[in-house]
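Content type compact mmCIF, C-alpha atoms and all ligand atoms, from the file structure04.txt:
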# COMPACT_ATOMS: atom_id res chain seq x y z
CA MET A 26 0.00 0.00 0.00
CA ARG A 27 2.75 2.42 0.96
CA THR A 28 5.08 1.70 -1.95
CA SER A 29 2.57 2.35 -4.68
CA LEU A 30 1.14 5.27 -2.68
CA LEU A 31 4.46 7.07 -3.04
CA THR A 32 4.15 6.87 -6.84
CA LEU A 33 0.99 9.00 -6.56
CA LEU A 34 2.93 11.83 -4.96
CA GLY A 35 5.62 12.77 -7.48
CA SER A 36 5.49 16.38 -8.64
CA SER A 37 7.24 18.95 -10.77
CA HIS A 38 9.28 20.32 -7.85
CA PRO A 39 11.76 18.60 -5.51
CA SER A 40 10.65 20.65 -2.46
CA LEU A 41 7.07 19.60 -3.03
CA ASN A 42 8.13 15.95 -3.39
CA ALA A 43 10.05 16.13 -0.13
CA ILE A 44 7.21 17.64 1.92
CA ALA A 45 4.48 15.51 0.31
CA GLN A 46 6.36 12.29 1.08
CA TYR A 47 7.78 13.32 4.46
CA TYR A 48 5.20 11.73 6.80
CA PHE A 49 4.92 8.60 4.66
CA LEU A 50 8.62 7.88 5.18
CA HIS A 51 8.09 7.27 8.92
CA PRO A 52 5.27 4.73 8.85
CA SER A 53 2.60 5.25 11.50
CA LYS A 54 -0.08 2.88 12.77
CA GLN A 55 -1.86 3.14 9.39
CA LEU A 56 -5.09 2.23 11.12
CA ARG A 57 -7.33 3.97 8.58
CA PRO A 58 -6.12 2.06 5.50
CA LEU A 59 -6.16 -1.12 7.56
CA LEU A 60 -9.88 -0.61 8.26
CA VAL A 61 -10.58 -0.06 4.56
CA LEU A 62 -8.69 -3.21 3.54
CA LEU A 63 -10.22 -5.39 6.27
CA PHE A 64 -13.76 -4.26 5.47
CA ALA A 65 -13.13 -4.94 1.79
CA ARG A 66 -12.05 -8.49 2.61
CA ALA A 67 -14.77 -9.07 5.18
CA THR A 68 -17.62 -8.01 2.88
CA ASN A 69 -16.56 -8.64 -0.74
CA GLY A 70 -18.98 -11.13 -2.24
CA LEU A 71 -21.88 -10.12 0.02
CA GLY A 72 -23.22 -7.10 -1.90
CA ALA A 73 -25.73 -7.70 -4.68
CA GLU A 74 -23.53 -5.96 -7.24
CA PHE A 75 -20.25 -7.66 -6.31
CA PRO A 76 -20.30 -9.89 -9.42
CA GLN A 77 -20.46 -6.78 -11.60
CA VAL A 78 -17.67 -4.87 -9.84
CA ASN A 79 -15.50 -7.98 -9.70
CA TRP A 80 -16.10 -8.60 -13.39
CA ALA A 81 -15.27 -5.00 -14.18
CA ALA A 82 -12.02 -5.32 -12.21
CA ASP A 83 -11.04 -8.50 -14.07
CA ASN A 84 -11.96 -7.12 -17.45
CA ALA A 85 -10.59 -3.63 -17.24
CA ARG A 86 -7.30 -4.52 -18.99
CA ALA A 87 -4.91 -4.41 -16.05
CA HIS A 88 -7.29 -2.40 -13.88
CA GLN A 89 -4.51 -1.02 -11.71
CA LYS A 90 -3.10 0.77 -14.74
CA GLU A 91 -6.50 2.13 -15.53
CA LEU A 92 -6.77 3.65 -12.04
CA ASP A 93 -3.58 5.56 -12.79
CA ALA A 94 -4.80 6.74 -16.17
CA PRO A 95 -6.18 10.28 -16.37
CA LEU A 96 -9.90 10.68 -17.10
CA THR A 97 -9.18 14.02 -18.75
CA ARG A 98 -7.41 14.44 -22.10
CA LYS A 99 -3.68 14.15 -21.52
CA ASP A 100 -2.67 17.57 -22.89
CA ILE A 101 -5.19 19.28 -20.59
CA LEU A 102 -4.53 17.83 -17.14
CA CYS A 103 -1.25 19.56 -16.21
CA ASP A 104 -0.57 17.30 -13.27
CA TRP A 105 3.15 16.57 -13.45
CA ASN A 106 4.13 13.28 -11.90
CA PRO A 107 7.20 11.41 -13.19
CA SER A 108 5.51 8.09 -12.28
CA MET A 109 2.50 8.92 -14.43
CA PRO A 110 3.50 11.09 -17.40
CA ASP A 111 0.56 13.10 -18.64
CA HIS A 112 1.96 14.74 -21.82
CA THR A 113 0.79 18.19 -20.84
CA ALA A 114 0.68 20.66 -23.71
CA SER A 115 3.80 22.84 -23.94
CA PHE A 116 3.68 26.43 -22.66
CA GLU A 117 6.06 27.62 -25.37
CA SER A 118 3.29 28.60 -27.73
CA ALA A 119 -0.40 29.50 -27.56
CA PHE A 120 -2.67 26.54 -26.94
CA GLU A 121 -4.42 25.26 -30.07
CA LEU A 122 -8.05 24.24 -29.88
CA ARG A 123 -8.41 20.57 -30.75
CA ILE A 124 -11.72 19.32 -32.11
CA PRO A 125 -12.29 15.93 -30.46
CA PRO A 126 -12.95 12.93 -32.68
CA PRO A 127 -16.42 11.35 -32.37
CA GLN A 128 -16.57 9.00 -29.37
CA PRO A 129 -17.58 5.35 -29.62
CA SER A 130 -20.93 4.45 -28.05
CA LEU A 131 -20.82 4.44 -24.25
CA TYR A 132 -23.02 1.34 -24.04
CA THR A 133 -21.30 -1.63 -22.41
CA PRO A 134 -22.98 -5.01 -22.33
CA PRO A 135 -24.02 -6.26 -18.89
CA PRO A 136 -21.45 -8.57 -17.27
CA PRO A 137 -22.14 -12.28 -17.00
CA LEU A 138 -23.48 -13.35 -13.60
CA LEU A 139 -20.20 -14.76 -12.33
CA HIS A 140 -21.57 -15.74 -8.94
CA GLN A 141 -23.57 -18.52 -10.51
CA THR A 142 -20.55 -20.09 -12.15
CA HIS A 143 -17.59 -19.26 -9.87
CA PRO A 144 -18.81 -18.82 -6.31
CA GLN A 145 -15.27 -19.19 -4.95
CA ALA A 146 -14.22 -16.04 -6.85
CA LEU A 147 -16.46 -13.95 -4.64
CA THR A 148 -14.72 -14.22 -1.29
CA HIS A 149 -11.35 -13.02 0.05
CA THR A 150 -10.92 -10.72 -2.92
CA LEU A 151 -9.46 -7.26 -2.73
CA LEU A 152 -10.38 -5.06 -5.65
CA PRO A 153 -7.78 -2.60 -7.02
CA THR A 154 -10.25 0.22 -6.33
CA GLN A 155 -10.35 -0.78 -2.65
CA LEU A 156 -6.56 -0.79 -2.35
CA ARG A 157 -6.49 2.64 -3.98
CA LEU A 158 -9.18 3.84 -1.53
CA ALA A 159 -6.95 2.74 1.37
CA GLN A 160 -4.17 4.93 -0.06
CA ILE A 161 -6.52 7.88 -0.58
CA VAL A 162 -7.74 7.65 3.01
CA GLU A 163 -4.15 7.68 4.30
CA MET A 164 -3.30 10.66 2.05
CA ILE A 165 -6.19 12.65 3.49
CA HIS A 166 -5.18 11.70 7.02
CA VAL A 167 -1.59 12.79 6.39
CA ALA A 168 -2.79 16.05 4.77
CA SER A 169 -4.75 16.78 7.93
CA LEU A 170 -1.67 16.06 10.08
CA LEU A 171 0.43 18.49 8.02
CA HIS A 172 -2.13 21.21 8.68
CA ASP A 173 -2.66 20.15 12.28
CA ASP A 174 1.04 20.41 13.12
CA VAL A 175 0.99 24.01 11.90
CA LEU A 176 -2.10 24.84 13.99
CA ASP A 177 -0.79 23.04 17.08
CA LYS A 178 2.76 24.37 16.57
CA SER A 179 3.97 20.80 17.17
CA PRO A 180 7.78 20.53 17.17
CA LEU A 181 7.73 16.73 16.85
CA ARG A 182 5.74 13.99 15.19
CA ARG A 183 6.52 10.32 15.80
CA GLY A 184 9.75 11.30 17.52
CA ALA A 185 11.11 13.24 14.51
CA PRO A 186 10.89 16.96 13.68
CA SER A 187 7.35 17.76 12.53
CA ALA A 188 6.87 18.92 8.92
CA PRO A 189 6.50 22.60 9.92
CA ALA A 190 9.65 22.29 12.06
CA ALA A 191 11.54 20.71 9.15
CA PHE A 192 10.16 22.73 6.21
CA GLY A 193 8.36 25.73 7.69
CA ASN A 194 4.64 26.48 8.03
CA LYS A 195 4.04 27.62 4.47
CA LEU A 196 5.41 24.46 2.84
CA ALA A 197 3.64 22.26 5.39
CA VAL A 198 0.26 23.83 4.53
CA LEU A 199 0.93 23.72 0.79
CA GLY A 200 2.12 20.10 1.08
CA GLY A 201 -1.19 19.18 2.76
CA ASP A 202 -3.13 20.94 0.00
CA PHE A 203 -1.13 19.08 -2.64
CA LEU A 204 -1.95 15.72 -1.01
CA LEU A 205 -5.65 16.65 -1.03
CA GLY A 206 -5.38 17.48 -4.73
CA ARG A 207 -3.77 14.15 -5.58
CA ALA A 208 -6.22 12.28 -3.35
CA SER A 209 -9.15 13.98 -5.10
CA ALA A 210 -7.88 13.04 -8.57
CA ALA A 211 -7.37 9.42 -7.47
CA LEU A 212 -10.84 9.44 -5.89
CA SER A 213 -12.52 10.51 -9.12
CA ARG A 214 -10.85 7.60 -10.95
CA LEU A 215 -12.53 5.06 -8.67
CA GLY A 216 -15.69 5.67 -10.68
CA SER A 217 -18.21 5.89 -7.83
CA HIS A 218 -20.15 9.09 -7.15
CA GLU A 219 -21.26 7.70 -3.80
CA VAL A 220 -17.65 7.15 -2.73
CA VAL A 221 -16.61 10.63 -3.92
CA GLU A 222 -19.48 12.10 -1.88
CA LEU A 223 -18.52 10.13 1.25
CA ILE A 224 -14.82 10.96 1.13
CA ALA A 225 -15.32 14.61 0.15
CA SER A 226 -17.61 14.99 3.15
CA VAL A 227 -14.82 13.61 5.37
CA ILE A 228 -12.53 16.46 4.28
CA ALA A 229 -15.23 18.95 5.27
CA ASN A 230 -15.74 17.07 8.56
CA LEU A 231 -12.03 17.28 9.41
CA VAL A 232 -12.10 21.04 8.99
CA GLU A 233 -15.37 21.37 10.95
CA GLY A 234 -13.88 19.27 13.75
CA GLU A 235 -10.78 21.42 13.91
CA ILE A 236 -12.83 24.64 14.02
CA LEU A 237 -15.12 23.18 16.69
CA GLN A 238 -12.05 22.29 18.76
CA MET A 239 -10.57 25.75 18.24
CA LYS A 240 -13.71 27.78 18.86
CA GLY A 241 -16.23 25.54 20.59
CA ASN A 242 -19.73 26.56 19.57
CA GLY A 243 -18.76 30.23 19.65
CA THR A 244 -19.67 30.49 23.32
CA GLU A 245 -16.45 30.21 25.28
CA ALA A 246 -15.39 33.05 27.52
CA ALA A 247 -11.76 33.29 26.48
CA PRO A 248 -10.01 32.78 23.15
CA SER A 249 -7.77 29.79 22.67
CA PRO A 250 -4.14 30.66 23.39
CA SER A 251 -3.14 28.79 20.24
CA SER A 252 -5.47 30.45 17.81
CA SER A 253 -6.87 33.91 18.10
CA ALA A 254 -3.96 36.08 19.19
CA SER A 255 -3.38 37.45 15.70
CA SER A 256 -6.76 36.75 14.03
CA ALA A 257 -8.46 39.71 12.43
CA ILE A 258 -11.90 38.22 13.13
CA ASP A 259 -12.79 35.88 15.93
CA LEU A 260 -15.77 33.65 15.17
CA LYS A 261 -17.37 34.45 18.51
CA ASP A 262 -17.40 38.15 17.54
CA LEU A 263 -19.83 37.25 14.77
CA HIS A 264 -22.52 36.47 17.36
CA SER A 265 -24.20 39.76 18.25
CA SER A 266 -25.49 38.49 21.60
CA PRO A 267 -23.16 35.82 22.99
CA SER A 268 -24.96 32.69 24.23
CA PRO A 269 -24.44 31.61 27.83
CA SER A 270 -21.53 29.29 28.63
CA PRO A 271 -22.28 25.71 27.63
CA SER A 272 -23.50 23.44 30.41
CA PRO A 273 -21.39 20.37 31.32
CA SER A 274 -23.66 18.21 29.17
CA ASP A 275 -23.30 20.64 26.25
CA LYS A 276 -19.53 20.44 26.71
CA TRP A 277 -19.72 16.66 26.46
CA SER A 278 -21.81 16.77 23.33
CA ILE A 279 -19.47 19.33 21.70
CA TYR A 280 -16.48 17.16 22.68
CA LEU A 281 -17.99 13.96 21.28
CA LYS A 282 -19.13 15.70 18.10
CA LYS A 283 -15.62 17.10 17.63
CA THR A 284 -14.20 13.63 18.25
CA TYR A 285 -16.41 12.20 15.51
CA LEU A 286 -15.57 14.97 13.05
CA LYS A 287 -11.81 14.97 13.65
CA THR A 288 -11.20 11.26 14.02
CA ALA A 289 -14.12 8.87 13.59
CA SER A 290 -15.57 10.31 10.38
CA LEU A 291 -12.60 9.21 8.24
CA MET A 292 -12.69 5.71 9.73
CA ALA A 293 -16.47 5.34 9.44
CA LYS A 294 -16.89 6.76 5.96
CA GLY A 295 -13.65 5.16 4.70
CA ALA A 296 -14.88 1.72 5.80
CA ARG A 297 -18.33 2.39 4.30
CA ALA A 298 -16.77 3.51 1.03
CA ALA A 299 -14.76 0.25 0.84
CA VAL A 300 -18.00 -1.72 1.08
CA VAL A 301 -19.70 0.49 -1.52
CA LEU A 302 -16.81 -0.23 -3.93
CA GLY A 303 -17.43 -3.92 -3.27
CA GLY A 304 -20.88 -3.60 -4.88
CA CYS A 305 -23.10 -3.16 -1.81
CA ARG A 306 -26.50 -1.86 -2.86
CA GLU A 307 -28.70 0.66 -1.04
CA GLY A 308 -30.81 -1.23 1.50
CA GLU A 309 -28.16 -3.90 2.17
CA VAL A 310 -26.84 -4.01 5.71
CA TRP A 311 -23.10 -4.37 4.91
CA LYS A 312 -22.27 -0.72 4.48
CA GLU A 313 -24.29 0.14 7.61
CA VAL A 314 -22.13 -2.33 9.55
CA ALA A 315 -18.97 -0.70 8.21
CA TYR A 316 -20.12 2.80 9.17
CA ALA A 317 -21.31 1.83 12.65
CA TYR A 318 -18.10 -0.09 13.31
CA GLY A 319 -15.83 2.73 12.06
CA ARG A 320 -17.71 5.39 13.97
CA ASN A 321 -17.61 3.53 17.29
CA LEU A 322 -14.04 2.34 16.85
CA GLY A 323 -12.92 5.85 15.86
CA ILE A 324 -14.49 7.43 18.94
CA ALA A 325 -12.94 4.73 21.16
CA PHE A 326 -9.56 5.33 19.50
CA GLN A 327 -9.66 9.09 20.12
CA LEU A 328 -10.91 8.75 23.72
CA ILE A 329 -7.91 6.52 24.45
CA ASP A 330 -5.67 9.00 22.65
CA ASP A 331 -6.98 11.69 24.97
CA THR A 332 -6.15 9.59 28.04
CA LEU A 333 -2.62 8.96 26.69
CA ASP A 334 -2.02 12.71 26.82
CA PHE A 335 -1.96 12.25 30.61
CA SER A 336 0.30 9.21 30.54
CA SER A 337 3.86 9.55 31.83
CA SER A 338 5.16 7.37 28.98
CA THR A 339 3.82 9.72 26.27
CA ALA A 340 6.76 12.12 26.50
CA GLN A 341 9.22 9.25 26.16
CA LEU A 342 7.58 8.34 22.82
CA GLY A 343 8.52 11.66 21.29
CA LYS A 344 5.24 13.43 22.10
CA PRO A 345 5.16 16.33 24.52
CA GLY A 346 3.02 15.33 27.53
CA PHE A 347 -0.16 17.22 28.47
CA ALA A 348 -0.22 18.79 25.01
CA ASP A 349 -4.02 19.10 25.01
CA LEU A 350 -4.12 21.06 28.28
CA ARG A 351 -1.34 23.31 27.07
CA LEU A 352 -3.38 23.97 23.91
CA GLY A 353 -6.33 24.93 26.09
CA LEU A 354 -8.33 21.79 25.28
CA ALA A 355 -10.57 20.03 27.78
CA THR A 356 -10.84 16.38 26.74
CA GLY A 357 -12.66 13.46 28.40
CA PRO A 358 -10.42 13.21 31.49
CA ALA A 359 -10.81 16.95 32.26
CA LEU A 360 -14.57 16.92 31.67
CA TYR A 361 -15.05 13.94 34.01
CA ALA A 362 -12.65 15.42 36.58
CA ALA A 363 -14.74 18.62 36.66
CA GLU A 364 -17.64 16.56 38.07
CA GLU A 365 -15.44 15.72 41.09
CA PHE A 366 -13.64 19.09 41.28
CA PRO A 367 -16.03 21.87 40.17
CA GLU A 368 -13.18 24.42 40.41
CA LEU A 369 -12.00 22.97 37.09
CA GLU A 370 -15.08 24.46 35.36
CA ALA A 371 -13.69 27.99 35.40
CA MET A 372 -10.30 26.81 34.13
CA ILE A 373 -11.95 24.87 31.29
CA GLU A 374 -13.99 27.97 30.51
CA ARG A 375 -10.89 30.12 30.13
CA ARG A 376 -9.04 27.30 28.34
CA PHE A 377 -6.41 26.94 31.07
CA GLY A 378 -5.24 30.39 30.01
CA ARG A 379 -4.15 31.86 33.39
CA ASP A 380 -0.71 31.35 34.92
CA GLY A 381 -0.72 28.14 36.97
CA ASP A 382 -3.95 26.80 35.38
CA VAL A 383 -2.27 23.94 33.53
CA GLU A 384 -0.38 22.74 36.63
CA MET A 385 -3.45 23.03 38.89
CA ALA A 386 -5.69 21.27 36.34
CA LEU A 387 -3.14 18.50 36.04
CA THR A 388 -3.07 17.94 39.80
CA LEU A 389 -6.87 17.82 39.99
CA ILE A 390 -7.28 15.55 36.96
CA SER A 391 -4.59 13.18 38.27
CA SER A 392 -6.39 12.86 41.60
CA SER A 393 -9.76 12.28 39.90
CA ARG A 394 -11.23 9.24 38.16
CA GLY A 395 -11.24 11.20 34.86
CA VAL A 396 -8.73 9.06 32.97
CA GLU A 397 -10.28 5.81 34.22
CA ARG A 398 -13.82 6.91 33.29
CA THR A 399 -12.67 8.05 29.83
CA ARG A 400 -11.14 4.61 29.27
CA GLU A 401 -14.43 3.07 30.35
CA LEU A 402 -16.34 5.20 27.82
CA ALA A 403 -13.86 4.09 25.13
CA ARG A 404 -14.48 0.47 26.11
CA ILE A 405 -18.25 0.96 25.67
CA HIS A 406 -17.73 2.30 22.14
CA ALA A 407 -15.24 -0.45 21.25
CA GLU A 408 -17.68 -3.07 22.54
CA LYS A 409 -20.43 -1.64 20.30
CA ALA A 410 -18.04 -1.83 17.32
CA ARG A 411 -17.39 -5.50 18.13
CA GLU A 412 -21.12 -6.20 18.49
CA VAL A 413 -22.06 -4.93 15.00
CA LEU A 414 -19.48 -7.26 13.45
CA THR A 415 -21.63 -10.24 14.38
CA LEU A 416 -23.85 -9.33 11.41
CA LEU A 417 -21.00 -10.30 9.06
CA PRO A 418 -20.18 -13.90 8.18
CA ARG A 419 -17.11 -15.32 9.93
CA SER A 420 -13.79 -14.68 8.15
CA GLU A 421 -10.17 -13.95 9.00
CA ALA A 422 -10.81 -10.29 8.19
CA ARG A 423 -13.76 -10.18 10.61
CA ASP A 424 -11.55 -11.73 13.31
CA ALA A 425 -8.94 -9.06 12.65
CA LEU A 426 -11.55 -6.31 12.91
CA GLU A 427 -12.69 -7.85 16.18
CA GLY A 428 -9.09 -7.89 17.41
CA LEU A 429 -8.78 -4.18 16.63
CA THR A 430 -11.63 -3.38 19.00
CA GLU A 431 -9.47 -4.78 21.81
CA GLY A 432 -6.27 -3.30 20.43
CA VAL A 433 -7.51 0.30 20.38
CA VAL A 434 -8.51 0.16 24.04
CA LYS A 435 -5.34 -1.60 25.22
CA ARG A 436 -2.89 0.52 23.28
CA ARG A 437 -0.29 2.54 25.15
CA TRP A 438 0.96 4.66 22.22
C1 LIG B 501 -4.75 15.39 14.85
O1 LIG B 501 -5.28 15.81 16.05
C2 LIG B 501 -5.51 16.08 13.75
C3 LIG B 501 -6.62 15.62 13.13
C4 LIG B 501 -7.16 14.27 13.41
C5 LIG B 501 -7.38 16.41 12.08
C6 LIG B 501 -6.85 17.81 11.83
C7 LIG B 501 -7.69 18.52 10.80
C8 LIG B 501 -7.36 19.72 10.28
C9 LIG B 501 -6.11 20.44 10.68
C10 LIG B 501 -8.28 20.36 9.29
C11 LIG B 501 -7.65 20.42 7.91
C12 LIG B 501 -7.92 19.13 7.21
C13 LIG B 501 -7.38 18.75 6.02
C14 LIG B 501 -7.85 17.49 5.41
C15 LIG B 501 -6.35 19.53 5.31
P1 LIG B 501 -4.45 15.95 17.39
O2 LIG B 501 -3.75 17.28 17.42
O3 LIG B 501 -5.39 15.68 18.49
O4 LIG B 501 -3.42 14.76 17.31
P2 LIG B 501 -1.84 14.74 17.27
O5 LIG B 501 -1.42 14.57 18.68
O6 LIG B 501 -1.51 13.54 16.41
O7 LIG B 501 -1.37 16.04 16.68
MG MG B 502 -1.92 17.97 16.89

Can you turn what I pasted into structure tokens?
Amino acid sequence: MRTSLLTLLGSSHPSLNAIAQYYFLHPSKQLRPLLVLLFARATNGLGAEFPQVNWAADNARAHQKELDAPLTRKDILCDWNPSMPDHTASFESAFELRIPPPQPSLYTPPPPLLHQTHPQALTHTLLPTQLRLAQIVEMIHVASLLHDDVLDKSPLRRGAPSAPAAFGNKLAVLGGDFLLGRASAALSRLGSHEVVELIASVIANLVEGEILQMKGNGTEAAPSPSSSASSAIDLKDLHSSPSPSPSPSDKWSIYLKKTYLKTASLMAKGARAAVVLGGCREGEVWKEVAYAYGRNLGIAFQLIDDTLDFSSSTAQLGKPGFADLRLGLATGPALYAAEEFPELEAMIERRFGRDGDVEMALTLISSSRGVERTRELARIHAEKAREVLTLLPRSEARDALEGLTEGVVKRRW
């Protein structure tokens, strides 16, 4: 997955190549592509239209090559990539209009019903489109990390200098945009409007989640120390009469919504898209299983991530400890701790912005059951993810997905 992913990222400029490939050179957990690939394997053959998509994959003259082939006329695309030459028209002279030749009829005969003749061909298959989807999902994730490390001013990622630390903020942002561009082109070549819609909505969700984390619902009393110092317009200024501070239950619902948007959406919609590419029709349960699993697993994953911010081993793994508190963010452990120590409410409200707030909050959270209760909430979500899997037939891929529901809760990094 990673090797052929790198061939999607070549460009016309060495600096762009370096930044676009930077985070792929230090492999991470790669959980998102893993979900896509496992759901493909666990559900291929179940959807009513699997025989057609499988037939199309077999018949599309080396389908992998076709996924790399531009859909737009080669002299138009202007998308330089040494791995996929596109014969862009030269800029040395004015561009000549070319009258296209008449196209052959678009009608293609319906595929034979393979499932009646080769039932064994329908299981354990991975379609080239599904492998490409796994790469697209990872590209979007990495694009979001490039932007996130600028917003969070992170000096390190996975124990190495972060992209903004290594290349500067401007290149990090542009590198993320470039990855989104390449991911979008690859997405269009998968040939499914439903999948384009799902994955495009994830990109919007990631941005919404980041804004929600930065600004809450526009109601917080103090600006985030990481965000508004130099902004010309603060979103909360756009509300003529500021709403009252959110109640503790509002804070939980904002936090969980943000968690879905920033983390679970890509897992849920990525897994659903894999099943759609496998020929699942509207009304069939398979894509609903994928979405419900990804959403619950993603929320469990992020809740555990939020507890790890309070773990003493986090700093040793190349991540600064208590990063969320320092960024002014109240995650699960802080929200639970505030039920035991109401004095935390005011600190959460002002985003731990006063001198001594971070240290005091840390002491209170450490003496509360906040971390333990957040882990418990993660376990409930992971258990729900495991439960929905029982709707799928048994397979090695289903077992692996089941194993992940334990893995995300037990992980220490
Ligand atoms: C990591 O969060 C960041 C995300 C999961 C998403 C960030 C999204 C954006 C910056 C919006 C822009 C999106 C795109 C697609 C360009 P974290 O800071 O909690 O985790 P970390 O500790 O790994 O940094
Ligand atoms: Mg971050």

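Here the question is which of A:Ser179, A:Thr388, A:Thr68, A:Thr430 gets nearest to ligand MG 502 (chain B) using only C-alpha atoms and all ligand atoms, and that residue is A:Ser179.
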
Using only C-alpha atoms and all ligand atoms, which protein or nucleic acid residues are at most 9 Å from ligand LIG 501 (chain B), as a PyMOL selection string?
-> chain A and resi 164-177+179+182-183+198+201-202+204-205+227-236+284+286-289+327+330-331+334+344-345+348-349

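Here the question is which of A:Ser187, A:Thr32, A:Gln128, A:Thr154 gets nearest to ligand MG 502 (chain B) using all atoms listed in the file, and that residue is A:Ser187.
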
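With only C-alpha atoms taken into account, the protein and nucleic acid residues at most 8 Å from region 419-423 of chain A (excluding it and anything under 3 positions from it in its own chain) are A:Leu63, A:Phe64, A:Arg66, A:Ala67, A:Leu414, A:Leu426, A:Glu427.
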
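Nearest-residue note for ligand MG 502 (chain B): choosing from A:Ala211, A:Leu354, A:Ala43, A:Leu151, the minimum distance belongs to A:Leu354, counting all atoms listed in the file.
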
From CA of Gly184 (chain A) to CA of Ser36 (chain A) the spacing works out at 27.0 Å

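Between CA of Ala403 (chain A) and CA of Ala325 (chain A) there is a distance of 4.1 Å.
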
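With only C-alpha atoms as the basis for measurement, A:Gln55 is the residue among A:Thr113, A:Gln55, A:Ser37, A:Thr150 that approaches Met292 (chain A) most closely.
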
So what do you get for CA of Glu384 (chain A) versus CA of Tyr361 (chain A), distance-wise?
-> 17.3 Å

Would you list the residues near (-2.6, 9.2, 27.4), meaning any protein, DNA or RNA residue with an atom at most 10 Å from that point in file coordinates, counting only C-alpha atoms, as a short mmCIF file (atom, residue, chain, number, x, y, z; two decimals) with C-alpha atoms, in the frame of the given file?
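Final output, point.cif:
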data_model
loop_
_atom_site.label_atom_id
_atom_site.label_comp_id
_atom_site.auth_asym_id
_atom_site.auth_seq_id
_atom_site.Cartn_x
_atom_site.Cartn_y
_atom_site.Cartn_z
CA LEU A 328 -10.91 8.75 23.72
CA ILE A 329 -7.91 6.52 24.45
CA ASP A 330 -5.67 9.00 22.65
CA ASP A 331 -6.98 11.69 24.97
CA THR A 332 -6.15 9.59 28.04
CA LEU A 333 -2.62 8.96 26.69
CA ASP A 334 -2.02 12.71 26.82
CA PHE A 335 -1.96 12.25 30.61
CA SER A 336 0.30 9.21 30.54
CA SER A 337 3.86 9.55 31.83
CA SER A 338 5.16 7.37 28.98
CA THR A 339 3.82 9.72 26.27
CA ALA A 340 6.76 12.12 26.50
CA GLY A 346 3.02 15.33 27.53
CA PHE A 347 -0.16 17.22 28.47
CA PRO A 358 -10.42 13.21 31.49
CA VAL A 396 -8.73 9.06 32.97
CA ARG A 400 -11.14 4.61 29.27
CA ARG A 436 -2.89 0.52 23.28
CA ARG A 437 -0.29 2.54 25.15
CA TRP A 438 0.96 4.66 22.22
#

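Between ligand MG 502 (chain B) and the candidates A:Val314, A:Leu181, A:Val220, A:Ala210, the tightest atom-to-atom separation, counting all atoms listed in the file, involves A:Leu181.
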
The residue from A:Ala407, A:Ala159, A:Leu291, A:Met109 with the smallest atom-to-atom distance to Gly35 (chain A), counting only C-alpha atoms, is A:Met109
